[in-house]
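Asker: One file is attached below, entry.csv, containing CSV, N, CA and C atoms.
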```csv
chain,number,residue,atom,x,y,z
A,135,MET,N,-80.1,23.3,53.6
A,135,MET,CA,-80.1,23.6,52.2
A,135,MET,C,-81.4,24.1,51.8
A,136,GLN,N,-81.4,25.1,51.0
A,136,GLN,CA,-82.7,25.6,50.5
A,136,GLN,C,-83.3,24.8,49.4
A,137,THR,N,-84.6,24.8,49.3
A,137,THR,CA,-85.2,24.0,48.2
A,137,THR,C,-85.1,24.8,46.9
A,138,TYR,N,-85.2,24.1,45.8
A,138,TYR,CA,-84.9,24.7,44.5
A,138,TYR,C,-86.1,25.5,44.1
A,139,TYR,N,-87.3,25.3,44.6
A,139,TYR,CA,-88.5,26.0,44.1
A,139,TYR,C,-88.9,27.2,45.0
A,140,ASN,N,-88.3,27.3,46.2
A,140,ASN,CA,-88.7,28.4,47.1
A,140,ASN,C,-87.5,28.6,48.0
A,141,PRO,N,-86.8,29.7,47.9
A,141,PRO,CA,-85.6,30.0,48.7
A,141,PRO,C,-86.0,30.2,50.2
A,142,ASP,N,-87.3,30.4,50.5
A,142,ASP,CA,-87.7,30.5,51.9
A,142,ASP,C,-87.9,29.2,52.6
A,143,LEU,N,-87.9,28.1,51.9
A,143,LEU,CA,-88.0,26.8,52.5
A,143,LEU,C,-86.7,26.1,52.6
A,144,TYR,N,-86.5,25.3,53.6
A,144,TYR,CA,-85.3,24.5,53.8
A,144,TYR,C,-85.6,23.1,54.0
A,145,LYS,N,-84.7,22.2,53.5
A,145,LYS,CA,-84.7,20.8,53.9
A,145,LYS,C,-83.5,20.5,54.7
A,146,THR,N,-83.6,19.6,55.6
A,146,THR,CA,-82.4,19.4,56.5
A,146,THR,C,-82.4,17.9,57.0
A,147,ASP,N,-81.3,17.5,57.4
A,147,ASP,CA,-81.1,16.2,58.1
A,147,ASP,C,-80.6,16.4,59.5
A,148,ALA,N,-80.9,17.6,60.0
A,148,ALA,CA,-80.5,17.9,61.4
A,148,ALA,C,-81.4,17.1,62.4
A,149,PRO,N,-80.8,16.8,63.5
A,149,PRO,CA,-81.6,16.1,64.6
A,149,PRO,C,-82.7,17.0,65.1
A,150,VAL,N,-83.7,16.4,65.7
A,150,VAL,CA,-84.8,17.1,66.3
A,150,VAL,C,-84.3,18.1,67.4
A,151,SER,N,-83.3,17.7,68.1
A,151,SER,CA,-82.9,18.6,69.2
A,151,SER,C,-82.4,20.0,68.7
A,152,VAL,N,-81.7,19.9,67.5
A,152,VAL,CA,-81.2,21.2,66.9
A,152,VAL,C,-82.4,22.0,66.4
A,153,ILE,N,-83.4,21.4,65.8
A,153,ILE,CA,-84.5,22.1,65.4
A,153,ILE,C,-85.3,22.8,66.5
A,154,TYR,N,-85.4,22.0,67.6
A,154,TYR,CA,-86.0,22.6,68.9
A,154,TYR,C,-85.2,23.8,69.4
A,155,ASP,N,-83.9,23.7,69.3
A,155,ASP,CA,-83.0,24.8,69.7
A,155,ASP,C,-83.2,26.0,68.9
A,156,ILE,N,-83.4,25.8,67.6
A,156,ILE,CA,-83.7,27.0,66.7
A,156,ILE,C,-85.0,27.7,67.0
A,157,PHE,N,-86.0,26.9,67.2
A,157,PHE,CA,-87.3,27.4,67.6
A,157,PHE,C,-87.3,28.1,69.0
A,158,LYS,N,-86.6,27.5,69.9
A,158,LYS,CA,-86.5,28.0,71.3
A,158,LYS,C,-85.8,29.4,71.2
A,159,THR,N,-84.7,29.5,70.5
A,159,THR,CA,-83.9,30.7,70.4
A,159,THR,C,-84.8,31.8,69.7
A,160,TYR,N,-85.5,31.4,68.7
A,160,TYR,CA,-86.4,32.4,68.0
A,160,TYR,C,-87.5,32.9,69.0
A,161,LYS,N,-88.1,32.0,69.7
A,161,LYS,CA,-89.1,32.4,70.7
A,161,LYS,C,-88.6,33.3,71.8
A,162,ILE,N,-87.4,32.9,72.3
A,162,ILE,CA,-86.8,33.7,73.4
A,162,ILE,C,-86.4,35.1,72.9
A,163,LYS,N,-85.9,35.3,71.6
A,163,LYS,CA,-85.5,36.6,71.1
A,163,LYS,C,-86.7,37.4,70.7
A,164,SER,N,-87.8,36.8,70.3
A,164,SER,CA,-89.0,37.5,69.8
A,164,SER,C,-90.0,37.8,70.9
A,165,ALA,N,-90.0,37.1,72.0
A,165,ALA,CA,-91.0,37.2,73.0
A,165,ALA,C,-90.6,38.1,74.1
A,166,GLU,N,-91.5,38.5,75.0
A,166,GLU,CA,-91.2,39.2,76.2
A,166,GLU,C,-90.5,38.3,77.2
A,167,PRO,N,-89.9,38.8,78.2
A,167,PRO,CA,-89.2,38.0,79.2
A,167,PRO,C,-90.0,37.0,79.9
A,168,ASP,N,-91.2,37.1,80.1
A,168,ASP,CA,-92.0,36.2,80.8
A,168,ASP,C,-92.9,35.3,79.9
A,169,TYR,N,-92.3,34.8,78.8
A,169,TYR,CA,-93.0,34.0,77.8
A,169,TYR,C,-93.4,32.7,78.3
A,170,LEU,N,-92.8,32.2,79.4
A,170,LEU,CA,-93.1,30.8,79.9
A,170,LEU,C,-94.4,30.9,80.7
A,171,LYS,N,-94.9,32.1,81.1
A,171,LYS,CA,-96.2,32.2,81.9
A,171,LYS,C,-97.4,31.7,81.1
A,172,LYS,N,-97.3,31.8,79.8
A,172,LYS,CA,-98.4,31.4,78.9
A,172,LYS,C,-98.6,29.9,78.8
A,173,PHE,N,-97.6,29.1,79.2
A,173,PHE,CA,-97.6,27.7,79.1
A,173,PHE,C,-98.0,27.1,80.5
A,174,SER,N,-98.7,26.0,80.5
A,174,SER,CA,-98.9,25.2,81.7
A,174,SER,C,-97.6,24.4,82.0
A,175,PRO,N,-97.3,24.3,83.3
A,175,PRO,CA,-96.0,23.6,83.7
A,175,PRO,C,-96.0,22.1,83.2
A,176,THR,N,-97.2,21.6,83.0
A,176,THR,CA,-97.2,20.2,82.5
A,176,THR,C,-97.2,20.0,81.0
A,177,SER,N,-97.3,21.1,80.3
A,177,SER,CA,-97.4,21.0,78.8
A,177,SER,C,-96.0,20.7,78.2
A,178,PRO,N,-96.0,20.1,77.0
A,178,PRO,CA,-94.8,19.8,76.3
A,178,PRO,C,-94.0,21.0,75.9
A,179,GLY,N,-94.8,22.1,75.6
A,179,GLY,CA,-94.1,23.4,75.2
A,179,GLY,C,-93.3,24.0,76.3
A,180,PHE,N,-93.8,23.9,77.5
A,180,PHE,CA,-93.1,24.4,78.7
A,180,PHE,C,-91.8,23.6,78.9
A,181,ARG,N,-91.9,22.3,78.8
A,181,ARG,CA,-90.7,21.4,79.0
A,181,ARG,C,-89.7,21.7,77.9
A,182,ILE,N,-90.1,21.9,76.7
A,182,ILE,CA,-89.2,22.1,75.6
A,182,ILE,C,-88.5,23.5,75.8
A,183,LEU,N,-89.3,24.5,76.0
A,183,LEU,CA,-88.8,25.9,76.1
A,183,LEU,C,-88.0,26.1,77.4
A,184,SER,N,-88.2,25.3,78.5
A,184,SER,CA,-87.4,25.6,79.7
A,184,SER,C,-86.1,24.9,79.7
A,185,LYS,N,-85.8,24.0,78.8
A,185,LYS,CA,-84.5,23.4,78.7
A,185,LYS,C,-83.5,24.3,78.1
A,186,GLU,N,-82.2,24.2,78.5
A,186,GLU,CA,-81.2,25.1,77.9
A,186,GLU,C,-80.8,24.6,76.5
A,187,THR,N,-80.5,25.6,75.7
A,187,THR,CA,-80.2,25.3,74.3
A,187,THR,C,-78.7,24.9,74.2
A,188,LYS,N,-78.4,24.0,73.2
A,188,LYS,CA,-77.1,23.6,73.0
A,188,LYS,C,-76.5,24.3,71.7
A,189,VAL,N,-77.4,24.7,70.8
A,189,VAL,CA,-77.0,25.3,69.6
A,189,VAL,C,-77.6,26.7,69.5
A,190,THR,N,-76.8,27.7,69.2
A,190,THR,CA,-77.3,29.1,69.1
A,190,THR,C,-77.3,29.5,67.6
A,191,PRO,N,-78.5,29.6,66.9
A,191,PRO,CA,-78.5,29.9,65.5
A,191,PRO,C,-78.3,31.4,65.3
A,192,ASP,N,-77.9,31.8,64.1
A,192,ASP,CA,-77.8,33.2,63.7
A,192,ASP,C,-78.9,33.6,62.8
A,193,PHE,N,-79.7,34.6,63.2
A,193,PHE,CA,-80.9,34.9,62.4
A,193,PHE,C,-80.7,36.2,61.6
A,194,GLU,N,-79.4,36.5,61.3
A,194,GLU,CA,-79.1,37.7,60.5
A,194,GLU,C,-79.4,37.3,59.0
A,195,PHE,N,-80.1,38.2,58.3
A,195,PHE,CA,-80.3,38.0,56.9
A,195,PHE,C,-79.2,38.6,56.1
A,196,LYS,N,-78.5,37.9,55.2
A,196,LYS,CA,-77.4,38.4,54.5
A,196,LYS,C,-77.7,38.3,53.0
A,197,CYS,N,-77.6,39.5,52.3
A,197,CYS,CA,-77.8,39.5,50.9
A,197,CYS,C,-76.5,39.6,50.1
A,198,GLU,N,-76.5,39.2,48.9
A,198,GLU,CA,-75.3,39.4,48.1
A,198,GLU,C,-75.3,40.8,47.5
A,199,LYS,N,-74.2,41.4,47.3
A,199,LYS,CA,-74.1,42.7,46.8
A,199,LYS,C,-73.6,42.7,45.4
A,200,LYS,N,-74.2,43.4,44.5
A,200,LYS,CA,-73.7,43.6,43.1
A,200,LYS,C,-72.6,44.7,43.1
A,201,LYS,N,-72.0,44.9,41.9
A,201,LYS,CA,-71.0,45.9,41.8
A,201,LYS,C,-71.6,47.3,42.0
A,202,SER,N,-72.9,47.4,41.8
A,202,SER,CA,-73.5,48.7,41.9
A,202,SER,C,-73.7,49.1,43.4
A,203,GLY,N,-73.6,48.1,44.3
A,203,GLY,CA,-73.7,48.3,45.7
A,203,GLY,C,-75.1,48.0,46.3
A,204,LYS,N,-76.0,47.6,45.4
A,204,LYS,CA,-77.4,47.3,45.9
A,204,LYS,C,-77.4,45.9,46.4
A,205,ASN,N,-78.2,45.7,47.4
A,205,ASN,CA,-78.5,44.3,47.9
A,205,ASN,C,-79.4,43.6,47.0
A,206,VAL,N,-79.0,42.4,46.6
A,206,VAL,CA,-79.8,41.6,45.7
A,206,VAL,C,-80.0,40.2,46.2
A,207,VAL,N,-81.2,39.7,46.1
A,207,VAL,CA,-81.5,38.3,46.5
A,207,VAL,C,-81.8,37.6,45.1
A,208,LYS,N,-81.0,36.5,44.9
A,208,LYS,CA,-81.2,35.8,43.6
A,208,LYS,C,-82.6,35.2,43.5
A,209,LYS,N,-83.1,35.2,42.3
A,209,LYS,CA,-84.5,34.6,42.1
A,209,LYS,C,-84.4,33.1,42.1
A,210,TYR,N,-83.4,32.5,41.5
A,210,TYR,CA,-83.2,31.0,41.4
A,210,TYR,C,-81.9,30.7,42.0
A,211,LEU,N,-81.8,29.6,42.7
A,211,LEU,CA,-80.5,29.1,43.3
A,211,LEU,C,-79.7,28.4,42.2
A,212,PRO,N,-78.4,28.5,42.4
A,212,PRO,CA,-77.5,27.8,41.4
A,212,PRO,C,-77.6,26.3,41.6
A,213,ASN,N,-77.3,25.5,40.5
A,213,ASN,CA,-77.4,24.1,40.5
A,213,ASN,C,-76.3,23.5,41.5
A,214,PRO,N,-76.6,22.5,42.2
A,214,PRO,CA,-75.5,21.9,43.0
A,214,PRO,C,-74.4,21.4,42.1
A,215,THR,N,-73.2,21.3,42.7
A,215,THR,CA,-72.0,21.0,41.9
A,215,THR,C,-71.8,19.5,41.7
A,216,ARG,N,-72.4,18.6,42.6
A,216,ARG,CA,-72.2,17.2,42.4
A,216,ARG,C,-73.6,16.5,42.5
A,217,ASN,N,-73.7,15.3,41.9
A,217,ASN,CA,-74.9,14.5,41.9
A,217,ASN,C,-76.1,15.3,41.3
A,218,TRP,N,-75.9,16.0,40.2
A,218,TRP,CA,-76.9,16.8,39.7
A,218,TRP,C,-77.2,16.4,38.2
A,219,GLY,N,-78.4,16.3,37.8
A,219,GLY,CA,-78.7,16.0,36.5
A,219,GLY,C,-79.3,14.6,36.3
A,220,PRO,N,-79.7,14.2,35.1
A,220,PRO,CA,-80.3,12.9,34.9
A,220,PRO,C,-79.2,11.8,35.1
A,221,LYS,N,-79.7,10.7,35.5
A,221,LYS,CA,-78.9,9.5,35.7
A,221,LYS,C,-78.9,8.7,34.4
A,222,ALA,N,-78.3,7.5,34.4
A,222,ALA,CA,-78.2,6.7,33.2
A,222,ALA,C,-79.6,6.1,33.0
A,223,ARG,N,-79.9,5.8,31.8
A,223,ARG,CA,-81.2,5.2,31.4
A,223,ARG,C,-81.4,3.8,32.1
A,224,ALA,N,-82.6,3.5,32.5
A,224,ALA,CA,-82.9,2.2,33.1
A,224,ALA,C,-82.8,1.1,32.1
A,225,THR,N,-82.1,0.0,32.4
A,225,THR,CA,-82.0,-1.0,31.4
A,225,THR,C,-83.0,-2.2,31.6
A,226,GLY,N,-83.5,-2.4,32.7
A,226,GLY,CA,-84.4,-3.5,33.0
A,226,GLY,C,-83.7,-4.8,33.0
A,227,ASN,N,-84.4,-5.9,33.0
A,227,ASN,CA,-83.8,-7.2,33.1
A,227,ASN,C,-83.6,-7.7,31.7
A,228,LYS,N,-82.4,-8.0,31.3
A,228,LYS,CA,-82.1,-8.5,29.9
A,228,LYS,C,-81.8,-10.0,30.0
```
Represent the structure contained in this file as structure tokens.
Answerer:
Amino acid sequence: MQTYYNPDLYKTDAPVSVIYDIFKTYKIKSAEPDYLKKFSPTSPGFRILSKETKVTPDFEFKCEKKKSGKNVVKKYLPNPTRNWGPKARATGNK
């Protein structure tokens, strides 16, 4: 889910293995074929990148289109539909 103050930032409750898979897939797609040569075989980065990924993320950027046909990225995200807004006033101990 994107944060409300910056649509480039995300918060998640995904397990660490999924986050590692996202970074591994990005590194594999953006690097040259021999990207593991830069790492020492005993380093944690080598061990993480050499394991097979279980999740394959999609890195395609998708914009919403207006009726005019131009791609538009919204400046502010819409409010969530549930659990949004102020809660009841605190009553304290009476």
Asker: Figure out the distance between CA of Lys185 (chain A) and CA of Leu170 (chain A), please, to one decimal in Å.
Answerer: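 So the two atoms, CA of Leu170 (chain A) and CA of Lys185 (chain A), lie 11.4 Å apart.
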Asker: Calculated over all atoms listed in the file, which of the candidates A:Thr215, A:Ser174, A:Thr159, A:Thr146 has the smallest distance to Thr190 (chain A)?
Answerer: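 Checking each of A:Thr215, A:Ser174, A:Thr159, A:Thr146 against Thr190 (chain A), counting all atoms listed in the file, the winner is A:Thr159.
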Asker: What does the distance between CA of Ser184 (chain A) and atom C of Asp147 (chain A) come to in Å, to one decimal place?
Answerer: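 Taking CA of Ser184 (chain A) as the start and atom C of Asp147 (chain A) as the end point, the length is 23.2 Å.
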Asker: Select, from A:Asn227, A:Ser164, A:Asn140, A:Ser151, the residue with the minimum atom-to-atom distance to Val189 (chain A), counting only C-alpha atoms.
Answerer: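 Checking each candidate against Val189 (chain A), we get A:Ser151 as the closest.
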Asker: Between CA of Ile153 (chain A) and CA of Asn213 (chain A), what is the distance in Å, rounded to a tenth?
Answerer: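 Separation of CA of Ile153 (chain A) and CA of Asn213 (chain A): 26.0 Å.
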